[in-house]
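Novice: Next up is a structure, given as structure tokens.
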Amino acid sequence: MPPTPVRFDAHPDTYRHWTLSVDGAVARLTLDVDERGGLVEGYELKLNSYDLGVDIELYDALQRIRFEHPAVKAVVVGSAKEKVFCAGANIRMLAQSAHSWKVNFCKFTNETRNGMEDASAHSGIAFVAAVNGSAAGGGYELALACDEIVLIDDGSSAVSLPEVPLLGVLPGTGGLTRVVDKRGVRKDLADVFATKADGVRGKTAVDWKLVDATVPRSRFADAVAERAAAAAARSTRPDAAEGVALTPLVRDESDTRIAYTHVTVDLDRAARTATLTVGAPTTPAPVDPDAARREGAAFWPLAVTRELDDAILHLRTNENTLGTWILKTAGDADAVLAHDAFLAAHADDWFVNEVRHYLKRTLKRLDVTSRTLLALVEPGSCFVGPLLELALAADRQYMLDGVFEDAPDAAPAELRLSDANFGAYPMGNGLTRLRSRFHGDPAHVEALAKHLGEPLPAAEALALGLVTYAPDDIDYEDEVRIVVEERASLSPDALTGMEANHRFTGPETPETKIFGRLSAWQNWIFIRPNAAGPDGALRKYGTGQRADFDNERV
Amino acid sequence: MSTINYSERIPNNVNLSDDRRLQRALESWQPKFLSWWGEMGPALPTTDVYLRTAVSVQRDGWAHFGHVALPEYRWGIFLSERQSERTIAFGRHKGEKAWQQVPGEHRADLQRLIVIQGDTEPASVEQQRHLGATAPSLYDLRNLFQVNVEEGRHLWAMVYLLHAYFGRDGRDEAESLLLRNSGSEDAPRILGAFNEPTPDWLAFYMFTYFTDRDGKYQLGTLKESAFDPLARTCDFMLKEEAHHMMVGTTGIDRVVTRTAELMREHDTDDIARFGGIPLAVIQRYLNFHYSVSLDLFGSETSTNVANYFTNGLKGRWQEERRKDDHVLTDGHVMVDAVADGRLTTVETPALVALNQDLRAEYTADCGSGVTRWNRILADHGIDTPLTLPHHGFNRAVGAFAGCHLSPAGEFLTVEQWEAGRHAWLPSDADMAFVSSLMRPVYEPGRIASWVAPPRQGINGQPFEYEYAHLA
């Protein structure tokens, strides 16, 4: 079993597996996995294979490049191990892990790789994979998340996706999707590639578009440096700028509560719920981006996003049985909107840009979380602008109409729309949460734009379709209790599938394919006897014995 | 179609004249092989060399001896005779008929095994390219070239399999075998030991004794393969490999003999000034070559090798003589491991411990050479024996990688290791000294100062025979 709980805190000074070095506009992320540094007992991380612990460091490094090193324009992702780039997720780790662990691990690694592509698209950071040796499975998928892939041409180093032929599962980190969708590899060649355990090397890999270039060892370092420099020259990031340090998160923890500065999580193990309460800023919005930078990691939009991010990751990884998350907000709605207006006004500033995209990615984490999400909109809440996105991410919204009997003087809850709800924080399907919600009625989204900034009390919010139910105080508590109890009684698997289907309406994007199509298939394959049964390929791998397949196609 | 009669130029027992696919492949490959031989083969110009050429696979008279100009050597393709009812001796296909074609399921693995084996054959030719310039006698020069042409033939044997059974991928791999080069920065040979230089003749004898012996054991496991053409190819290669073993064994015999003679004659260990190689230097060379050859056996545990066994691709040494179920799904063995700076063992499924099994066979075999050399020393009244170092000494692969062990097997600190390494491994000074002894002797019947003449010549010829004519 993993150490309880798994922490997502990391810092370059204490990385065990990665090195982050910055030289002007180019950063190097170098993988040198400590074989004995597995997060869990029972496996050795040979050949630069990874587990969740390795990926937690990668995620941390990527965040630091974005916030602490604003002048970095290109990142070389490489390996310190001779002849090995990365062997992908550790197979023994996968074989010994519970299904839920594998799925959660893959989800996090996928989010991290999507985050790299998000940095390419929105931060002006180009990633160059310096594939100095074999890149297998997740190793090649890491390269696929980069903008360019340079493969060493030494007559033996290959890129490969050996999951199907060797393990009887799928490449779990977007490999199949990115090969055809991102790199445009022809589907028949992709078919050959994904069934060829030893992969493809040299010129063929270039011809098939699996890599961008193949370079002999003697010119490899130069070729990578040239590409990184060229990519850096195309970047929009500032030439010189002071970063914002991501200081350690402060958590006050007990068995039933985790309190950050702005976010609290209340754990109810009997009811199997976690209640996340997100607090509004208690200080005014800064006057300009420099002032925001001076606030540093305490700048409310950044601080609250980091806390929410950490809470989501913590609950997903360490609290599997809390199947329903109740989302609440608390505090001064005007202060939220002031910060929202500040973010919108300075979207071109590198720091503000990073904060906005970080909030976007964190909201996306919520979208792909396999928990029931219920938003409770009550007096004292501040579901406005960016925080309204939390409610819109939820599967249902319950809004109290009026006030509670025991607090008659409170102001009734209100929602407020801002520009934040109309484009700044899209979901993985490329649509806003409003657009996804009203997929059958796009005109309604335009109509909603007319209510921008308007306080929307329960009756109006219900009429506009922004909440599911708006009971009054006589019914409210019972309604909420019943939905929580009902949810707890349903099959968690069926709920996960159902919720994901409802959340992602409309078109497919590579992201939705990775989470919806690839992951769904992968999760099915993971638990099929052909992979995970006693004679399945995943269980037999490494024993020297062969898998015994049930040959019936399903 | 080419007018070259390949069947005539390439002695074979694979019906080459009837196999159009193979002819086509060889037409494109043979010129590349010859140009590789010209560039990377023996550098010393010779008119002809007294060589053995395989001409059939019959027990009596499979080889023909005669003086041959090297580029005209007839590299043949021979597989041991097919046994019509051969069955698979191990793994999950045990008892089934051996495969005459490559099963699709195992194509990639078999191709990989053949490529790795094939890659070592030309590698040693490249490593030994310049040794002709310092041969201690014509007899040794001839043996060097014999080893070289037979490594070339072994390359052919692997290329034949790639061409005949692995389609276009196989042809591409065959070509790559000539594109990688020993010690090349851009395209090195696949295995580490085959990128080490062979700078002098002591290293050559050590290489043929220790590193070629690894080859013998690898071939021994492939000889058991369910893929019959591979099994038969390797079986025949083992015949030739015996000569390479002989060159190594008797080469070291003769160095040790000469060293012992000089020690007796001058009554001192310090025979360097009399043109001999001191025993301590021989021991250090032995330590080096034995330890890097052990690395070729890979990690103590290997799931790939376990898969190869289960699938019938690669067996154990003397598989059919072993008394067990030949499936190994249930057995466990103790495998070396290092924990807290100590040697320990862990119980491991027998299937994944096959590398250690093969290495143990190899180590036992290496020991017999040491016994033999010590007998020579004892016959000269010298009681300082040569020894095989501990298998954890100087290792870069497996359980001992990253540890520092003395030749006796004690775990050392980095400081202790650094302090002792020059006593245990050849130093630059050792290599420079051995190199200083390497003066060519090309006159028939004469020999260099540091090595004794052989007890017998080749194919019944005397030592004085003109084994090679220099150009």
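By order of appearance in the structure tokens: chains A, B, ..., then residues from 1 within every chain, and ligands from 1 in the order shown.
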Quick check: residues of chain A within 9 Å of chain B, only C-alpha atoms, returned as number ranges by chain.
Specialist: A: 152-156, 196-198, 215-219, 541-546
Novice: Let's have the selection written as a PDB file, in the first residue's frame, with N, CA, C and O atoms.
Specialist:
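Below you can see again-v6.pdb, which holds the result:
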```
ATOM      1  N   ILE A 152      17.711   9.879 -31.201  1.00  0.00           N
ATOM      2  CA  ILE A 152      19.102   9.567 -31.532  1.00  0.00           C
ATOM      3  C   ILE A 152      19.132   8.460 -32.591  1.00  0.00           C
ATOM      4  O   ILE A 152      18.308   7.554 -32.580  1.00  0.00           O
ATOM      5  N   ASP A 153      20.059   8.604 -33.523  1.00  0.00           N
ATOM      6  CA  ASP A 153      20.195   7.611 -34.603  1.00  0.00           C
ATOM      7  C   ASP A 153      21.464   6.809 -34.331  1.00  0.00           C
ATOM      8  O   ASP A 153      22.544   7.177 -34.768  1.00  0.00           O
ATOM      9  N   ASP A 154      21.320   5.729 -33.580  1.00  0.00           N
ATOM     10  CA  ASP A 154      22.497   4.930 -33.242  1.00  0.00           C
ATOM     11  C   ASP A 154      22.330   3.493 -33.687  1.00  0.00           C
ATOM     12  O   ASP A 154      23.026   2.594 -33.237  1.00  0.00           O
ATOM     13  N   GLY A 155      21.342   3.275 -34.551  1.00  0.00           N
ATOM     14  CA  GLY A 155      21.139   1.917 -35.053  1.00  0.00           C
ATOM     15  C   GLY A 155      20.383   1.023 -34.096  1.00  0.00           C
ATOM     16  O   GLY A 155      20.041  -0.098 -34.440  1.00  0.00           O
ATOM     17  N   SER A 156      20.121   1.495 -32.871  1.00  0.00           N
ATOM     18  CA  SER A 156      19.351   0.617 -31.989  1.00  0.00           C
ATOM     19  C   SER A 156      18.261   1.327 -31.191  1.00  0.00           C
ATOM     20  O   SER A 156      17.286   0.702 -30.819  1.00  0.00           O
ATOM     21  N   LYS A 196       4.044  -3.543 -32.657  1.00  0.00           N
ATOM     22  CA  LYS A 196       5.432  -3.949 -32.867  1.00  0.00           C
ATOM     23  C   LYS A 196       6.182  -3.682 -31.566  1.00  0.00           C
ATOM     24  O   LYS A 196       6.518  -2.539 -31.262  1.00  0.00           O
ATOM     25  N   ALA A 197       6.429  -4.738 -30.811  1.00  0.00           N
ATOM     26  CA  ALA A 197       6.960  -4.540 -29.454  1.00  0.00           C
ATOM     27  C   ALA A 197       8.281  -3.793 -29.445  1.00  0.00           C
ATOM     28  O   ALA A 197       8.557  -3.032 -28.526  1.00  0.00           O
ATOM     29  N   ASP A 198       9.120  -4.007 -30.456  1.00  0.00           N
ATOM     30  CA  ASP A 198      10.437  -3.360 -30.418  1.00  0.00           C
ATOM     31  C   ASP A 198      10.435  -1.996 -31.098  1.00  0.00           C
ATOM     32  O   ASP A 198      11.476  -1.342 -31.159  1.00  0.00           O
ATOM     33  N   VAL A 215      19.100  11.905 -35.315  1.00  0.00           N
ATOM     34  CA  VAL A 215      20.408  12.548 -35.384  1.00  0.00           C
ATOM     35  C   VAL A 215      21.458  11.623 -34.763  1.00  0.00           C
ATOM     36  O   VAL A 215      21.204  11.047 -33.709  1.00  0.00           O
ATOM     37  N   PRO A 216      22.619  11.490 -35.401  1.00  0.00           N
ATOM     38  CA  PRO A 216      23.664  10.646 -34.814  1.00  0.00           C
ATOM     39  C   PRO A 216      24.121  11.177 -33.457  1.00  0.00           C
ATOM     40  O   PRO A 216      24.011  12.382 -33.179  1.00  0.00           O
ATOM     41  N   ARG A 217      24.676  10.271 -32.674  1.00  0.00           N
ATOM     42  CA  ARG A 217      25.093  10.614 -31.315  1.00  0.00           C
ATOM     43  C   ARG A 217      26.019  11.832 -31.280  1.00  0.00           C
ATOM     44  O   ARG A 217      25.875  12.709 -30.435  1.00  0.00           O
ATOM     45  N   SER A 218      26.947  11.891 -32.237  1.00  0.00           N
ATOM     46  CA  SER A 218      27.943  12.964 -32.179  1.00  0.00           C
ATOM     47  C   SER A 218      27.318  14.342 -32.380  1.00  0.00           C
ATOM     48  O   SER A 218      27.864  15.340 -31.946  1.00  0.00           O
ATOM     49  N   ARG A 219      26.161  14.397 -33.042  1.00  0.00           N
ATOM     50  CA  ARG A 219      25.536  15.704 -33.285  1.00  0.00           C
ATOM     51  C   ARG A 219      24.274  15.901 -32.454  1.00  0.00           C
ATOM     52  O   ARG A 219      23.576  16.899 -32.582  1.00  0.00           O
ATOM     53  N   TYR A 541       3.198 -10.762 -17.094  1.00  0.00           N
ATOM     54  CA  TYR A 541       4.398 -10.069 -17.536  1.00  0.00           C
ATOM     55  C   TYR A 541       5.447 -10.126 -16.428  1.00  0.00           C
ATOM     56  O   TYR A 541       5.165  -9.870 -15.268  1.00  0.00           O
ATOM     57  N   GLY A 542       6.650 -10.483 -16.828  1.00  0.00           N
ATOM     58  CA  GLY A 542       7.721 -10.529 -15.843  1.00  0.00           C
ATOM     59  C   GLY A 542       7.872 -11.873 -15.163  1.00  0.00           C
ATOM     60  O   GLY A 542       8.841 -12.104 -14.471  1.00  0.00           O
ATOM     61  N   THR A 543       6.899 -12.768 -15.357  1.00  0.00           N
ATOM     62  CA  THR A 543       7.047 -14.088 -14.750  1.00  0.00           C
ATOM     63  C   THR A 543       7.718 -15.037 -15.716  1.00  0.00           C
ATOM     64  O   THR A 543       8.129 -16.121 -15.347  1.00  0.00           O
ATOM     65  N   GLY A 544       7.796 -14.620 -16.978  1.00  0.00           N
ATOM     66  CA  GLY A 544       8.325 -15.525 -17.981  1.00  0.00           C
ATOM     67  C   GLY A 544       7.276 -16.489 -18.497  1.00  0.00           C
ATOM     68  O   GLY A 544       7.540 -17.296 -19.371  1.00  0.00           O
ATOM     69  N   GLN A 545       6.070 -16.375 -17.933  1.00  0.00           N
ATOM     70  CA  GLN A 545       5.007 -17.241 -18.437  1.00  0.00           C
ATOM     71  C   GLN A 545       4.126 -16.448 -19.373  1.00  0.00           C
ATOM     72  O   GLN A 545       4.090 -15.236 -19.351  1.00  0.00           O
ATOM     73  N   ARG A 546       3.409 -17.185 -20.203  1.00  0.00           N
ATOM     74  CA  ARG A 546       2.638 -16.518 -21.225  1.00  0.00           C
ATOM     75  C   ARG A 546       1.197 -16.319 -20.774  1.00  0.00           C
ATOM     76  O   ARG A 546       0.648 -17.139 -20.044  1.00  0.00           O
TER      77      ARG A 546
END
```
Novice: To one decimal place, how far is CA of Glu8 (chain B) from CA of Ala174 (chain B) in Å?
Specialist: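 Going from CA of Glu8 (chain B) over to CA of Ala174 (chain B), I get 22.1 Å.
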Novice: Can you pull out the residues contacting Trp37 (chain B)? Cut-off 9 Å, using only C-alpha atoms, and skip same-chain residues under 4 positions away; I want them as a list of chain:residue names.
Specialist: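 Returned residues: B:Lys32, B:Phe33, B:Gly41, B:Pro42, B:Pro71, B:Pro122, B:Val125, B:Gly152.
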Novice: When DSSP works through the backbone of this structure, what residues of region 372-462 of chain A end up as strand (DSSP E or B), shown as a count of residues only?
Specialist: 17
Novice: Tell me which of A:Thr468, A:Thr305, A:Asn48, A:Thr369 sits closest to Leu387 (chain A), counting only C-alpha atoms.
Specialist: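 Result for the nearest residue to Leu387 (chain A): A:Thr305.
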Novice: Contacts of Thr257 (chain B) at 10 Å or less, counting only C-alpha atoms, minus same-chain residues fewer than 4 places along, as a list in words?
Specialist: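 The residues that qualify are Thr250, Gly251, Ile252, Asp253, Glu261, Leu262, Met263, Trp373, Ile376, Leu377, Asp379, His380, Trp450, Val451, Ala452 and Pro453 of chain B.
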Novice: For Asp340 (chain A), find every residue with an atom within 9 Å (counting only C-alpha atoms), except residues of its own chain fewer than 5 positions away, and show them as a list in words.
Specialist: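 Once the nearby chain positions are removed, what remains is Ala285, Pro301, Ala335, Ala345, Gly385, Pro386, Ser418, Asp419 and Ala420 of chain A.
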Novice: Pull C-alpha atoms from the residues just selected and write them as a PDB file, in the first residue's frame.
Specialist:
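Listed below is the output, again_15.pdb:
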```pdb
ATOM      1  CA  ALA A 285      -7.709  43.280  -6.052  1.00  0.00           C
ATOM      2  CA  PRO A 301      -6.605  33.696  -7.621  1.00  0.00           C
ATOM      3  CA  ALA A 335     -14.182  40.802  -3.958  1.00  0.00           C
ATOM      4  CA  ALA A 345      -8.113  43.363 -17.742  1.00  0.00           C
ATOM      5  CA  GLY A 385     -17.748  34.705 -12.167  1.00  0.00           C
ATOM      6  CA  PRO A 386     -14.881  32.220 -11.911  1.00  0.00           C
ATOM      7  CA  SER A 418     -19.227  37.482 -15.689  1.00  0.00           C
ATOM      8  CA  ASP A 419     -17.046  37.220 -18.779  1.00  0.00           C
ATOM      9  CA  ALA A 420     -15.321  34.392 -16.950  1.00  0.00           C
TER      10      ALA A 420
END
```
Novice: Could you give me, as a ChimeraX atom specification, the residues within 10 Å of Ala337 (chain B), counting only C-alpha atoms and dropping anything in the same chain fewer than 5 positions from it?
Specialist: /B:300,342-347,398-400
Novice: Would you mind listing what lies within 12 Å of Asn374 (chain B) as a ChimeraX atom specification, with only C-alpha atoms counted and same-chain residues fewer than 2 positions away left out?
Specialist: /B:252-253,256-257,260,279,283,367-372,376-388
Novice: Using only N, CA, C and O atoms, please write the residues we just selected to a file, as a CSV table (one decimal), in the first residue's frame.
Specialist:
```csv
chain,number,residue,atom,x,y,z
B,252,ILE,N,46.8,-18.5,-23.8
B,252,ILE,CA,47.1,-18.2,-22.4
B,252,ILE,C,48.1,-19.2,-21.8
B,252,ILE,O,49.1,-18.9,-21.1
B,253,ASP,N,47.9,-20.5,-22.2
B,253,ASP,CA,48.8,-21.6,-21.8
B,253,ASP,C,50.3,-21.1,-22.1
B,253,ASP,O,51.2,-21.3,-21.3
B,256,VAL,N,51.6,-18.2,-20.2
B,256,VAL,CA,51.9,-18.6,-18.8
B,256,VAL,C,53.2,-19.5,-18.8
B,256,VAL,O,54.1,-19.4,-18.0
B,257,THR,N,53.3,-20.4,-19.8
B,257,THR,CA,54.5,-21.2,-19.9
B,257,THR,C,55.8,-20.4,-20.0
B,257,THR,O,56.7,-20.6,-19.3
B,260,ALA,N,56.5,-18.6,-16.8
B,260,ALA,CA,57.1,-19.6,-15.8
B,260,ALA,C,58.5,-19.9,-16.2
B,260,ALA,O,59.4,-20.0,-15.3
B,279,LEU,N,53.5,-12.4,-14.0
B,279,LEU,CA,52.3,-13.1,-13.6
B,279,LEU,C,51.2,-12.2,-13.1
B,279,LEU,O,50.0,-12.4,-13.4
B,283,GLN,N,47.3,-11.9,-14.3
B,283,GLN,CA,46.2,-11.9,-13.4
B,283,GLN,C,45.3,-10.7,-13.6
B,283,GLN,O,44.1,-10.8,-13.6
B,367,GLY,N,36.7,-21.8,-14.9
B,367,GLY,CA,37.5,-22.3,-13.9
B,367,GLY,C,38.5,-23.4,-14.4
B,367,GLY,O,39.6,-23.5,-13.9
B,368,SER,N,38.0,-24.2,-15.4
B,368,SER,CA,38.9,-25.3,-15.8
B,368,SER,C,40.1,-24.7,-16.5
B,368,SER,O,41.2,-25.3,-16.4
B,369,GLY,N,40.0,-23.6,-17.1
B,369,GLY,CA,41.2,-23.0,-17.8
B,369,GLY,C,42.2,-22.6,-16.7
B,369,GLY,O,43.4,-22.8,-16.8
B,370,VAL,N,41.7,-22.0,-15.6
B,370,VAL,CA,42.6,-21.5,-14.5
B,370,VAL,C,43.3,-22.7,-13.9
B,370,VAL,O,44.5,-22.7,-13.7
B,371,THR,N,42.6,-23.8,-13.7
B,371,THR,CA,43.2,-25.0,-13.2
B,371,THR,C,44.4,-25.5,-14.1
B,371,THR,O,45.4,-25.8,-13.7
B,372,ARG,N,44.1,-25.4,-15.4
B,372,ARG,CA,45.1,-25.8,-16.4
B,372,ARG,C,46.3,-25.0,-16.3
B,372,ARG,O,47.5,-25.5,-16.3
B,376,ILE,N,50.4,-25.7,-15.2
B,376,ILE,CA,51.7,-25.3,-15.9
B,376,ILE,C,52.6,-24.6,-14.9
B,376,ILE,O,53.8,-24.9,-14.8
B,377,LEU,N,52.1,-23.7,-14.1
B,377,LEU,CA,52.9,-23.0,-13.1
B,377,LEU,C,53.5,-24.0,-12.1
B,377,LEU,O,54.7,-24.0,-11.8
B,378,ALA,N,52.7,-25.0,-11.6
B,378,ALA,CA,53.1,-26.0,-10.7
B,378,ALA,C,54.2,-26.8,-11.3
B,378,ALA,O,55.2,-27.2,-10.6
B,379,ASP,N,54.1,-27.2,-12.6
B,379,ASP,CA,55.1,-28.0,-13.2
B,379,ASP,C,56.4,-27.2,-13.2
B,379,ASP,O,57.5,-27.9,-13.3
B,380,HIS,N,56.4,-25.9,-13.2
B,380,HIS,CA,57.6,-25.1,-13.1
B,380,HIS,C,58.0,-24.8,-11.7
B,380,HIS,O,58.8,-23.9,-11.5
B,381,GLY,N,57.3,-25.4,-10.8
B,381,GLY,CA,57.7,-25.2,-9.4
B,381,GLY,C,57.2,-23.8,-8.8
B,381,GLY,O,57.8,-23.3,-7.9
B,382,ILE,N,56.2,-23.2,-9.5
B,382,ILE,CA,55.7,-21.9,-9.0
B,382,ILE,C,54.4,-22.1,-8.3
B,382,ILE,O,53.5,-22.7,-8.8
B,383,ASP,N,54.4,-21.6,-7.0
B,383,ASP,CA,53.2,-21.9,-6.2
B,383,ASP,C,52.3,-20.7,-6.1
B,383,ASP,O,51.4,-20.6,-5.2
B,384,THR,N,52.5,-19.6,-6.9
B,384,THR,CA,51.5,-18.5,-6.9
B,384,THR,C,50.5,-18.8,-8.0
B,384,THR,O,50.8,-18.6,-9.1
B,385,PRO,N,49.3,-19.2,-7.5
B,385,PRO,CA,48.3,-19.6,-8.6
B,385,PRO,C,47.6,-18.3,-9.2
B,385,PRO,O,47.5,-17.3,-8.6
B,386,LEU,N,47.1,-18.5,-10.4
B,386,LEU,CA,46.1,-17.6,-11.0
B,386,LEU,C,44.8,-17.9,-10.4
B,386,LEU,O,44.5,-19.1,-10.1
B,387,THR,N,43.9,-16.9,-10.3
B,387,THR,CA,42.6,-17.2,-9.7
B,387,THR,C,41.5,-16.4,-10.5
B,387,THR,O,41.8,-15.4,-11.1
B,388,LEU,N,40.3,-16.9,-10.5
B,388,LEU,CA,39.2,-16.2,-11.1
B,388,LEU,C,38.7,-15.2,-10.0
B,388,LEU,O,38.5,-15.7,-8.9
```
Novice: Please compute the CA of Thr214 (chain A)-CA of Trp156 (chain B) distance, one decimal, in Å.
Specialist: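 For CA of Thr214 (chain A) relative to CA of Trp156 (chain B), the distance reads 28.9 Å.
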Novice: By how many Å are CA of Arg74 (chain B) and CA of Ile10 (chain B) apart?
Specialist: 5.8 Å
